[in-house]
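K.L.:
Contents of protein_27.tsv (TSV, C-alpha atoms):
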chain	number	residue	atom	x	y	z
A	212	VAL	CA	93.95	95.37	90.30
A	213	GLU	CA	91.84	96.55	93.22
A	214	GLY	CA	88.17	97.07	92.54
A	215	GLU	CA	86.36	100.30	93.38
A	216	ARG	CA	84.03	98.25	95.51
A	217	SER	CA	85.84	96.29	98.17
A	218	GLU	CA	85.22	92.97	96.45
A	219	GLY	CA	88.08	91.73	94.33
A	220	VAL	CA	91.79	91.72	93.63
A	221	ALA	CA	93.34	90.34	90.45
A	222	VAL	CA	96.97	89.39	90.01
A	223	GLY	CA	98.31	88.54	86.56
A	224	ALA	CA	101.19	86.18	85.92
A	225	LYS	CA	102.30	87.86	82.71
A	226	THR	CA	105.14	90.25	83.48
A	227	SER	CA	107.64	92.25	81.47
A	228	GLU	CA	111.25	92.44	82.46
A	229	VAL	CA	113.73	95.28	82.79
A	230	ALA	CA	115.22	96.71	79.59
A	231	GLU	CA	117.59	99.30	81.01
A	232	GLU	CA	120.68	98.82	83.10
A	233	THR	CA	120.22	100.06	86.62
A	234	ASP	CA	122.54	102.66	88.08
A	235	GLU	CA	123.83	100.31	90.75
A	236	GLU	CA	125.64	97.56	88.86
A	237	SER	CA	128.59	97.80	91.21
A	238	SER	CA	126.41	96.43	94.02
A	239	SER	CA	125.69	93.12	92.29
A	240	ASP	CA	128.21	91.17	94.35
A	241	ASP	CA	126.80	92.60	97.57
A	242	GLU	CA	123.27	91.69	96.55
A	243	SER	CA	124.42	88.15	95.77
A	244	LYS	CA	125.65	87.76	99.32
A	245	ASP	CA	122.85	89.60	101.10
A	246	GLU	CA	119.82	88.34	99.22
A	247	GLY	CA	120.79	85.24	97.31
A	248	ILE	CA	120.68	85.02	93.51
A	249	VAL	CA	119.55	82.21	91.28
A	250	ASN	CA	122.69	80.62	89.91
A	251	ASP	CA	123.51	79.37	86.42
A	252	GLU	CA	121.95	75.96	87.11
A	253	GLY	CA	118.65	77.53	88.10
A	254	LYS	CA	119.01	76.91	91.84
A	255	SER	CA	118.67	79.55	94.50
A	256	ASN	CA	121.76	80.07	96.62
A	257	LEU	CA	119.61	81.20	99.52
A	258	GLY	CA	119.93	77.71	100.93
A	259	SER	CA	116.70	77.46	102.94
A	260	GLY	CA	114.25	77.40	100.04
A	261	ARG	CA	112.27	74.26	99.33
A	262	GLY	CA	112.78	72.84	95.85
A	263	LEU	CA	113.08	74.93	92.73
A	264	ASP	CA	112.25	78.61	93.03
A	265	PRO	CA	108.91	79.35	91.25
A	266	PHE	CA	110.54	82.48	89.82
A	267	THR	CA	113.16	80.32	88.11
A	268	GLU	CA	110.47	78.01	86.78
A	269	HIS	CA	108.58	81.03	85.47
A	270	VAL	CA	111.40	82.80	83.62
A	271	GLU	CA	113.65	79.92	82.57
A	272	GLN	CA	111.32	77.11	81.56
A	273	ASP	CA	112.11	75.84	78.07
A	274	LEU	CA	109.37	74.10	76.11
A	275	SER	CA	110.17	71.29	73.71
A	276	GLU	CA	108.64	71.26	70.24
A	277	ALA	CA	106.31	68.48	71.37
A	278	GLU	CA	105.13	70.58	74.34
A	279	VAL	CA	104.55	73.61	72.09
A	280	ALA	CA	102.49	71.50	69.70
A	281	SER	CA	100.52	70.11	72.65
A	282	LEU	CA	99.83	73.63	73.94
A	283	HIS	CA	98.64	74.81	70.53
A	284	HIS	CA	96.20	71.91	70.46
A	285	ALA	CA	95.07	72.54	74.05
A	286	LEU	CA	94.49	76.25	73.46
A	287	ALA	CA	92.11	75.44	70.63
A	288	GLN	CA	89.92	73.48	73.05
A	289	PRO	CA	87.44	74.92	75.59
A	290	LEU	CA	88.89	75.71	78.99
A	291	ARG	CA	88.51	73.03	81.63
A	292	TYR	CA	86.88	74.44	84.76
A	293	GLU	CA	86.98	72.80	88.16
A	294	GLN	CA	85.55	73.89	91.50
A	295	ALA	CA	86.46	72.84	95.00
A	296	ALA	CA	85.75	74.08	98.51
A	297	HIS	CA	88.76	75.62	100.27
A	298	PRO	CA	88.87	76.07	104.06
A	299	VAL	CA	90.28	79.61	103.83
A	300	LEU	CA	89.60	80.95	100.34
A	301	GLY	CA	86.07	79.59	100.06
A	302	LEU	CA	84.85	78.18	96.76
A	303	VAL	CA	87.86	78.00	94.45
A	304	GLY	CA	87.48	77.69	90.70
A	305	VAL	CA	90.40	76.69	88.46
A	306	ALA	CA	90.27	77.26	84.71
A	307	THR	CA	92.99	75.68	82.56
A	308	CYS	CA	93.60	74.49	79.03
A	309	LEU	CA	95.92	71.75	80.30
A	310	PRO	CA	95.02	68.30	81.64
A	311	SER	CA	94.15	68.20	85.32
A	312	ARG	CA	97.07	68.09	87.72
A	313	ALA	CA	97.29	66.77	91.25
A	314	SER	CA	97.12	70.21	92.81
A	315	HIS	CA	96.61	73.62	91.24
A	316	ILE	CA	97.19	75.37	94.56
A	317	ARG	CA	100.44	74.85	96.37
A	318	GLN	CA	100.06	74.07	100.04
A	319	GLU	CA	103.63	74.90	101.07
A	320	GLU	CA	104.03	76.22	104.57
A	321	GLY	CA	106.98	77.65	106.41
A	322	LEU	CA	108.96	80.80	106.95
A	323	LEU	CA	109.25	83.31	104.14
A	324	PRO	CA	112.83	82.37	103.16
A	325	GLU	CA	111.63	78.78	102.76
A	326	LEU	CA	109.00	80.10	100.33
A	327	HIS	CA	111.78	81.71	98.25
A	328	VAL	CA	111.16	85.24	99.52
A	329	ARG	CA	114.21	87.51	99.54
A	330	ARG	CA	115.86	87.81	102.92
A	331	ARG	CA	115.61	91.60	102.65
A	332	LEU	CA	111.83	91.40	102.33
A	333	ALA	CA	111.40	88.61	104.86
A	334	THR	CA	113.17	90.61	107.57
A	335	LEU	CA	111.11	93.76	107.07
A	336	TRP	CA	107.91	91.75	106.60
A	337	SER	CA	108.30	90.29	110.08
A	338	THR	CA	108.77	93.78	111.54
A	339	THR	CA	105.77	95.31	109.80
A	340	GLN	CA	103.63	92.22	110.42
A	341	ASP	CA	104.26	92.56	114.15
A	342	ALA	CA	103.29	96.24	113.93
A	343	ALA	CA	100.04	95.20	112.23
A	344	GLY	CA	99.23	92.93	115.18
A	345	ASP	CA	99.82	89.59	113.42
A	346	GLN	CA	102.09	87.19	115.28
A	347	ALA	CA	102.45	84.56	112.52
A	348	PRO	CA	104.75	85.22	109.53
A	349	LEU	CA	101.69	84.90	107.30
A	350	THR	CA	98.04	84.72	108.27
A	351	PRO	CA	96.14	81.76	106.78
A	352	LEU	CA	94.59	84.06	104.16
A	353	GLN	CA	97.96	85.59	103.26
A	354	HIS	CA	99.61	82.20	103.11
A	355	HIS	CA	97.13	80.72	100.64
A	356	LEU	CA	96.96	83.85	98.48
A	357	PHE	CA	100.75	84.10	98.35
A	358	ALA	CA	101.04	80.42	97.43
A	359	ILE	CA	98.99	81.06	94.29
A	360	MET	CA	100.67	84.36	93.42
A	361	ASN	CA	104.14	82.93	93.99
A	362	SER	CA	103.40	80.09	91.56
A	363	TYR	CA	102.78	82.72	88.83
A	364	LYS	CA	99.20	81.72	88.14
A	365	ASP	CA	96.58	84.32	87.26
A	366	LEU	CA	94.43	85.00	90.33
A	367	LEU	CA	91.07	86.68	90.79
A	368	PHE	CA	90.18	86.94	94.48
A	369	THR	CA	86.61	88.13	95.04
A	370	ARG	CA	86.38	87.86	98.83
A	371	ARG	CA	88.29	91.03	99.66
A	372	THR	CA	86.53	92.96	102.41
A	373	PHE	CA	87.23	96.13	104.37
A	374	ASP	CA	88.47	93.94	107.23
A	375	ASN	CA	91.03	91.95	105.22
A	376	ALA	CA	91.91	94.68	102.69
A	377	GLU	CA	95.28	95.58	104.25
A	378	ALA	CA	96.29	91.91	104.63
A	379	VAL	CA	95.51	91.34	100.94
A	380	ARG	CA	97.36	94.51	99.94
A	381	ARG	CA	100.48	93.50	101.85
A	382	THR	CA	100.40	90.06	100.23
A	383	TYR	CA	100.32	91.22	96.62
A	384	VAL	CA	102.91	93.92	97.36
A	385	LEU	CA	105.18	91.23	98.84
A	386	HIS	CA	104.84	89.12	95.69
A	387	ALA	CA	105.44	92.10	93.39
A	388	LEU	CA	108.56	93.22	95.27
A	389	ASN	CA	109.88	89.67	95.48
A	390	HIS	CA	109.63	89.39	91.70
A	391	LEU	CA	111.15	92.83	91.22
A	392	LEU	CA	114.20	92.20	93.42
A	393	LYS	CA	114.88	88.80	91.88
A	394	THR	CA	114.70	90.22	88.37
A	395	ARG	CA	116.94	93.13	89.29
A	396	SER	CA	119.52	90.85	90.90
A	397	ARG	CA	119.50	88.60	87.85
A	398	VAL	CA	120.14	91.55	85.53
A	399	LEU	CA	122.99	92.89	87.69
A	400	LYS	CA	124.62	89.48	87.86
A	401	ASN	CA	124.34	88.90	84.12
A	402	ASN	CA	125.72	92.36	83.39
A	403	SER	CA	128.80	91.43	85.41
A	404	ARG	CA	129.10	88.15	83.52
A	405	LEU	CA	128.88	89.95	80.18
A	406	ALA	CA	131.50	92.51	81.21
A	407	LEU	CA	133.88	89.74	82.33
A	408	ALA	CA	133.34	87.78	79.13
A	409	SER	CA	134.00	90.92	77.06
A	410	ARG	CA	137.29	91.58	78.86
A	411	GLU	CA	138.37	87.97	78.31
A	412	GLY	CA	137.34	88.08	74.64
A	413	ARG	CA	134.92	85.17	74.80
A	414	ASP	CA	131.30	84.71	73.85
A	415	ILE	CA	128.58	83.97	76.35
A	416	THR	CA	125.32	82.14	75.88
A	417	GLU	CA	122.15	84.14	75.31
A	418	LEU	CA	120.85	85.73	78.52
A	419	ARG	CA	117.09	86.10	78.75
A	420	ASP	CA	116.72	88.55	81.58
A	421	GLN	CA	115.35	91.66	79.86
A	422	GLY	CA	112.36	92.69	77.81
A	423	LEU	CA	111.53	95.73	75.71
A	424	THR	CA	110.67	98.01	78.62
A	425	ARG	CA	111.90	98.45	82.19
A	426	PRO	CA	108.59	98.50	84.15
A	427	ARG	CA	107.87	95.09	85.68
A	428	VAL	CA	104.74	95.64	87.77
A	429	LEU	CA	101.49	97.50	87.08
A	430	ILE	CA	99.11	98.05	90.01
A	431	LEU	CA	95.64	99.39	89.17
A	432	LEU	CA	93.86	101.13	92.04
A	433	PRO	CA	90.54	102.99	92.28
A	434	PHE	CA	91.47	106.14	94.24
A	435	ARG	CA	94.51	108.15	95.30
A	436	GLU	CA	93.95	107.04	98.89
A	437	ALA	CA	94.48	103.41	97.87
A	438	ALA	CA	97.59	104.39	95.93
A	439	LEU	CA	99.01	106.22	98.96
A	440	ARG	CA	98.45	103.17	101.16
A	441	THR	CA	100.09	100.93	98.57
A	442	VAL	CA	103.15	103.18	98.19
A	443	ASN	CA	103.57	103.31	101.97
A	444	CYS	CA	103.36	99.51	102.06
A	445	ILE	CA	106.02	99.24	99.34
A	446	ILE	CA	108.35	101.58	101.22
A	447	SER	CA	107.86	99.75	104.52
A	448	LEU	CA	108.89	96.43	102.91
A	449	LEU	CA	111.93	97.87	101.13
A	450	LEU	CA	113.48	100.28	103.61
A	451	PRO	CA	113.86	99.97	107.40
A	452	GLN	CA	112.16	102.80	109.25
A	453	GLY	CA	114.39	105.87	109.36
A	454	GLN	CA	116.85	104.42	106.84
A	455	GLY	CA	117.28	104.74	103.11
A	456	GLN	CA	116.06	107.57	100.94
A	457	VAL	CA	112.59	108.22	99.50
A	458	SER	CA	112.43	111.06	97.00
A	459	HIS	CA	109.41	113.35	96.68
A	460	ARG	CA	107.61	111.87	99.68
A	461	ARG	CA	106.24	115.25	100.75
A	462	ARG	CA	104.85	115.78	97.25
A	463	LEU	CA	103.21	112.36	97.43
A	464	GLN	CA	101.49	113.27	100.70
A	465	GLU	CA	100.32	116.60	99.30
A	466	GLU	CA	98.90	115.13	96.09
A	467	PHE	CA	97.61	111.78	97.37
A	468	GLY	CA	96.74	112.60	100.98
A	469	GLU	CA	93.36	113.83	102.16
A	470	PRO	CA	92.62	117.28	100.67
A	471	GLN	CA	92.58	120.15	103.14
A	472	GLY	CA	89.25	121.69	104.01
A	473	CYS	CA	87.19	118.54	103.49
A	474	ILE	CA	83.76	118.91	105.04
A	475	PRO	CA	82.31	115.72	106.55
A	476	PRO	CA	78.84	114.76	105.27
A	477	VAL	CA	75.95	116.19	107.23
A	478	THR	CA	73.98	112.97	107.04
A	479	PRO	CA	75.70	110.07	108.83
A	480	LYS	CA	76.86	107.42	106.40
A	481	PRO	CA	77.23	103.68	107.04
A	482	ALA	CA	80.65	102.32	107.96
A	483	SER	CA	81.10	100.71	104.53
A	484	PHE	CA	80.55	104.08	102.83
A	485	GLN	CA	83.03	105.80	105.11
A	486	ALA	CA	85.64	103.10	104.53
A	487	MET	CA	85.17	103.22	100.75
A	488	PHE	CA	85.37	106.99	100.39
A	489	ALA	CA	87.91	107.80	103.08
A	490	GLY	CA	90.81	110.06	102.16
A	491	ASN	CA	91.48	111.34	98.65
A	492	ILE	CA	88.96	109.82	96.24
A	493	ASP	CA	90.30	111.38	93.03
A	494	ASP	CA	90.22	108.61	90.42
A	495	CYS	CA	92.58	110.06	87.80
A	496	PHE	CA	96.24	109.50	88.62
A	497	ARG	CA	99.39	107.61	87.61
A	498	LEU	CA	102.67	107.29	89.46
A	499	GLY	CA	106.01	105.70	88.63
A	500	LEU	CA	108.38	104.17	91.20
A	501	ALA	CA	112.02	103.28	90.66
A	502	VAL	CA	113.64	101.00	93.22
A	503	GLY	CA	117.33	101.13	94.10
A	504	ARG	CA	119.33	99.25	96.70
A	505	ASN	CA	118.62	101.79	99.44
A	506	THR	CA	116.35	104.23	97.62
A	507	VAL	CA	112.81	104.52	96.34
A	508	LYS	CA	112.29	107.20	93.71
A	509	LEU	CA	108.71	108.45	93.44
A	510	TYR	CA	107.41	110.23	90.34
A	511	SER	CA	110.00	108.58	88.12
A	512	GLU	CA	109.43	108.59	84.36
A	513	PHE	CA	107.41	105.61	83.22
A	514	TYR	CA	110.18	104.07	81.12
A	515	LYS	CA	112.61	104.52	84.00
A	516	SER	CA	110.24	103.00	86.57
A	517	ASP	CA	110.08	99.54	88.04
A	518	ILE	CA	106.50	99.84	89.31
A	519	ILE	CA	103.61	101.86	87.88
A	520	LEU	CA	100.56	102.65	90.01
A	521	ALA	CA	97.57	104.07	88.19
A	522	SER	CA	93.81	104.31	88.14
A	523	PRO	CA	92.02	102.90	85.07
A	524	LEU	CA	91.12	106.44	84.01
A	525	GLY	CA	94.66	107.73	84.59
A	526	LEU	CA	96.11	104.87	82.56
A	527	ARG	CA	93.55	105.35	79.81
A	528	THR	CA	94.54	109.00	79.35
A	529	ILE	CA	98.12	107.91	78.64
A	530	ILE	CA	97.84	104.76	76.53
A	531	GLY	CA	94.76	105.91	74.59
A	532	ALA	CA	92.39	103.54	72.87
A	533	GLU	CA	92.48	101.47	69.71
A	534	GLY	CA	92.02	103.65	66.66
A	535	GLU	CA	93.25	106.90	68.21
A	536	LYS	CA	96.00	108.67	66.25
A	537	LYS	CA	98.09	109.46	69.34
A	538	ARG	CA	97.81	106.03	70.90
Let me see the file written as structure tokens.
P.N.:
Amino acid sequence: VEGERSEGVAVGAKTSEVAEETDEESSSDDESKDEGIVNDEGKSNLGSGRGLDPFTEHVEQDLSEAEVASLHHALAQPLRYEQAAHPVLGLVGVATCLPSRASHIRQEEGLLPELHVRRRLATLWSTTQDAAGDQAPLTPLQHHLFAIMNSYKDLLFTRRTFDNAEAVRRTYVLHALNHLLKTRSRVLKNNSRLALASREGRDITELRDQGLTRPRVLILLPFREAALRTVNCIISLLLPQGQGQVSHRRRLQEEFGEPQGCIPPVTPKPASFQAMFAGNIDDCFRLGLAVGRNTVKLYSEFYKSDIILASPLGLRTIIGAEGEKKR
């Protein structure tokens, strides 16, 4: 969620998984080799990652009956709230219903593959990061934000400014795509396992890799200009420049780019105003994206999309409100 004022970004840890088979199941073996897939024991075969992949912890953690009972008791109690000064993020507040732990914010450092980022993303991230003028794999701000996002904790970051807006955008897009590719690879691998088990006439244990709907990521944005920037960031991290296929890109530019014939304001406006209202400031839109191995499909149907970008108003016109007959 990006605020209309350049103040905050929120990332939620609750995600839904893919419910439909993708159209590229035959590429599952290739993806296993190129990107690394979490194996049956819950370990990443990427090799360079440190410890257990947070994605695996997030989707495969089993709670004992005692832990469930403990959580029910904890949820009935007031949230515990702690504050601490952080050298990069500023004053950090942590709210939890669980007993205090040694560290709520991971301080892992290293290259992206060591942080369990897909090799495909890590390679293109380095290229686009160099183009943005940043020499380090992650800036200090990006590193600390990604550490929280990658641990699948809810995050509300209120120190977003016009100066760091693009760095923040690239960070949450990296996390979203990392989750998306890992989920997609897991589904493709499990589909192959199910097909093999069916041919051999044997049963296979329950596979928990899919939910009720395919979309996995929802990004709320204030204006079409912000959506255009986010889509371009997604494409730059998925496809090398000049390679792959992006459908309906011209339509995206026509509908989300700056309208023709815009007349600049007569009275000079401050820099913050110009940055806020640059480009297309229409605040009613929604857009679905479907991601393939070498393709990005724009304007895909919502239930055939992996990512949905929308404004609050655009989303409201689709999902309705409680009590409406057509909700």
K.L.:
Got a sec: who's within 7 Å of Ala501 of chain A, counting all atoms listed in the file, leaving out chain neighbours fewer than 6 positions off, as a ChimeraX atom specification?
P.N.:
/A:507-509,511,515-518
K.L.:
Do you have the atom CA of Leu439 of chain A-atom CA of Gly468 of chain A distance handy?
P.N.:
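Answer for the atom CA of Leu439 of chain A to atom CA of Gly468 of chain A separation: 7.1 Å.
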K.L.:
Distance atom CA of Lys393 of chain A-atom CA of Leu405 of chain A, one decimal place?
P.N.:
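So the two atoms, atom CA of Lys393 of chain A and atom CA of Leu405 of chain A, lie 18.3 Å apart.
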K.L.:
Give the answer as one residue: which of A:Val502, A:Ile415, A:Ala438, A:Leu323 has the shortest atom-to-atom distance to Ser458 of chain A, using only C-alpha atoms?
P.N.:
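Nearest to Ser458 of chain A: A:Val502.
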K.L.:
For Gly503 of chain A, which of A:Lys536, A:His269, A:Arg395, A:Arg435 is the closest residue, counting only C-alpha atoms?
P.N.:
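Closest to Gly503 of chain A, using only C-alpha atoms: A:Arg395.
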K.L.:
Which distance in Å separates atom CA of Ala437 of chain A and atom CA of Ala482 of chain A, to one decimal?
P.N.:
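According to the coordinates, atom CA of Ala437 of chain A and atom CA of Ala482 of chain A are separated by 17.2 Å.
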K.L.:
Could you check the closest approach to Asn505 of chain A for each of A:Ala387, A:Ala277, A:Leu448, A:Leu263 and tell me which residue wins, using only C-alpha atoms?
P.N.:
A:Leu448
K.L.:
Between A:Phe513, A:Val303, A:Arg504, A:Phe434, which residue has the minimum interatomic distance to Gly455 of chain A, considering all atoms listed in the file?
P.N.:
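The answer is A:Arg504, which sits nearest to Gly455 of chain A.
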K.L.:
Quick one: what's the axis-aligned box for segment 494-510 of chain A, all listed atoms, 3 Å on every side, centre and edges in Å to one decimal, as JSON?
P.N.:
{"center_x": 104.8, "center_y": 104.7, "center_z": 93.5, "size_x": 35.1, "size_y": 17.0, "size_z": 17.8}
K.L.:
Quick one: of A:Thr267, A:Ser275, A:Leu431, A:Ala285, who's nearest to Ala221 of chain A, counting only C-alpha atoms?
P.N.:
A:Leu431
K.L.:
Considering only C-alpha atoms, give me a table of residues in segment 487-536 of chain A that are at most 12 Å from segment 354-376 of chain A, with the closest atom pair and distance in Å for each, as a Markdown table.
P.N.:
| residue | atom | partner | partner_atom | distance |
| --- | --- | --- | --- | --- |
| A:Met487 | CA | A:Phe373 | CA | 8.2 |
| A:Phe488 | CA | A:Phe373 | CA | 11.7 |
| A:Ala489 | CA | A:Phe373 | CA | 11.8 |
K.L.:
Export C-alpha atoms of the chosen residues as a PDB file, in the coordinates of the input?
P.N.:
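Everything below was put into result35.pdb:
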ATOM      1  CA  MET A 487      85.170 103.220 100.750  1.00  0.00           C
ATOM      2  CA  PHE A 488      85.370 106.990 100.390  1.00  0.00           C
ATOM      3  CA  ALA A 489      87.910 107.800 103.080  1.00  0.00           C
TER       4      ALA A 489
END
K.L.:
Go through A:Leu500, A:Val477, A:Val398, A:Leu423 one by one, measure the shortest atom-to-atom distance of each to Arg460 of chain A using all atoms listed in the file, and give the residue with the smallest value.
P.N.:
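Looking at the shortest contact to Arg460 of chain A, the residue is A:Leu500.
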K.L.:
(96.2, 112.1, 101.1) in this file's frame - what residues fall within 8 Å of it? Use only C-alpha atoms and give the answer as a list in words.
P.N.:
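So the residues meeting the distance criterion are Arg435, Glu436, Leu439, Leu463, Gln464, Glu465, Glu466, Phe467, Gly468, Glu469, Pro470, Gly490 and Asn491 of chain A.
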K.L.:
Please, which residues are within 6 Å of (95.0, 87.4, 102.2) by the file's coordinates, counting all atoms listed in the file, and could they come as a ChimeraX atom specification?
P.N.:
/A:352-353,356,378-379
K.L.:
Please dump the current selection as a tab-separated table (two decimals), keeping the file's coordinate frame; keep C-alpha atoms.
P.N.:
chain	number	residue	atom	x	y	z
A	352	LEU	CA	94.59	84.06	104.16
A	353	GLN	CA	97.96	85.59	103.26
A	356	LEU	CA	96.96	83.85	98.48
A	378	ALA	CA	96.29	91.91	104.63
A	379	VAL	CA	95.51	91.34	100.94
K.L.:
If you count all atoms listed in the file, which residues fall within 12 Å of Leu524 of chain A, apart from same-chain ones fewer than 6 positions away, as a PyMOL selection string?
P.N.:
chain A and resi 431-435+493-497+530-532
K.L.:
Can you patch up segment 510-537 of chain A, filling it in to N, CA and C atoms, and show the result as a short mmCIF file (atom, residue, chain, number, x, y, z; two decimals), in the frame of the given file?
P.N.:
data_model
loop_
_atom_site.label_atom_id
_atom_site.label_comp_id
_atom_site.auth_asym_id
_atom_site.auth_seq_id
_atom_site.Cartn_x
_atom_site.Cartn_y
_atom_site.Cartn_z
N TYR A 510 107.61 109.35 91.50
CA TYR A 510 107.41 110.23 90.34
C TYR A 510 108.52 110.05 89.30
N SER A 511 109.02 108.85 89.17
CA SER A 511 110.00 108.58 88.12
C SER A 511 109.29 108.47 86.77
N GLU A 512 110.02 108.73 85.69
CA GLU A 512 109.43 108.59 84.36
C GLU A 512 109.02 107.13 84.13
N PHE A 513 107.95 106.95 83.37
CA PHE A 513 107.41 105.61 83.22
C PHE A 513 108.45 104.61 82.71
N TYR A 514 109.22 105.00 81.69
CA TYR A 514 110.18 104.07 81.12
C TYR A 514 111.45 103.96 81.94
N LYS A 515 111.51 104.67 83.06
CA LYS A 515 112.61 104.52 84.00
C LYS A 515 112.09 104.01 85.35
N SER A 516 110.88 103.48 85.35
CA SER A 516 110.24 103.00 86.57
C SER A 516 110.26 101.48 86.62
N ASP A 517 110.24 100.97 87.83
CA ASP A 517 110.08 99.54 88.04
C ASP A 517 108.62 99.18 88.29
N ILE A 518 107.90 100.07 88.97
CA ILE A 518 106.50 99.84 89.31
C ILE A 518 105.69 101.04 88.84
N ILE A 519 104.53 100.80 88.27
CA ILE A 519 103.61 101.86 87.88
C ILE A 519 102.30 101.64 88.63
N LEU A 520 101.86 102.66 89.35
CA LEU A 520 100.56 102.65 90.01
C LEU A 520 99.66 103.62 89.26
N ALA A 521 98.46 103.20 88.95
CA ALA A 521 97.57 104.07 88.19
C ALA A 521 96.13 103.67 88.42
N SER A 522 95.24 104.62 88.19
CA SER A 522 93.81 104.31 88.14
C SER A 522 93.48 103.94 86.70
N PRO A 523 92.39 103.21 86.46
CA PRO A 523 92.02 102.90 85.07
C PRO A 523 91.89 104.15 84.22
N LEU A 524 91.28 105.20 84.78
CA LEU A 524 91.12 106.44 84.01
C LEU A 524 92.48 107.10 83.75
N GLY A 525 93.34 107.14 84.77
CA GLY A 525 94.66 107.73 84.59
C GLY A 525 95.48 106.98 83.56
N LEU A 526 95.38 105.66 83.55
CA LEU A 526 96.11 104.87 82.56
C LEU A 526 95.53 105.06 81.17
N ARG A 527 94.22 105.16 81.11
CA ARG A 527 93.55 105.35 79.81
C ARG A 527 93.96 106.66 79.16
N THR A 528 94.16 107.71 79.93
CA THR A 528 94.54 109.00 79.35
C THR A 528 95.95 108.98 78.77
N ILE A 529 96.76 108.00 79.16
CA ILE A 529 98.12 107.91 78.64
C ILE A 529 98.22 106.95 77.46
N ILE A 530 97.66 105.76 77.59
CA ILE A 530 97.84 104.76 76.53
C ILE A 530 96.83 104.94 75.40
N GLY A 531 95.75 105.70 75.64
CA GLY A 531 94.76 105.91 74.59
C GLY A 531 93.92 104.67 74.36
N ALA A 532 93.25 104.66 73.23
CA ALA A 532 92.39 103.54 72.87
C ALA A 532 92.63 103.17 71.42
N GLU A 533 92.25 101.96 71.07
CA GLU A 533 92.48 101.47 69.71
C GLU A 533 91.79 102.40 68.70
N GLY A 534 92.54 102.79 67.71
CA GLY A 534 92.02 103.65 66.66
C GLY A 534 92.40 105.11 66.82
N GLU A 535 92.85 105.52 68.01
CA GLU A 535 93.25 106.90 68.21
C GLU A 535 94.61 107.16 67.56
N LYS A 536 94.75 108.34 66.97
CA LYS A 536 96.00 108.67 66.25
C LYS A 536 97.19 108.75 67.18
N LYS A 537 96.98 109.24 68.41
CA LYS A 537 98.09 109.46 69.34
C LYS A 537 98.28 108.30 70.31
#
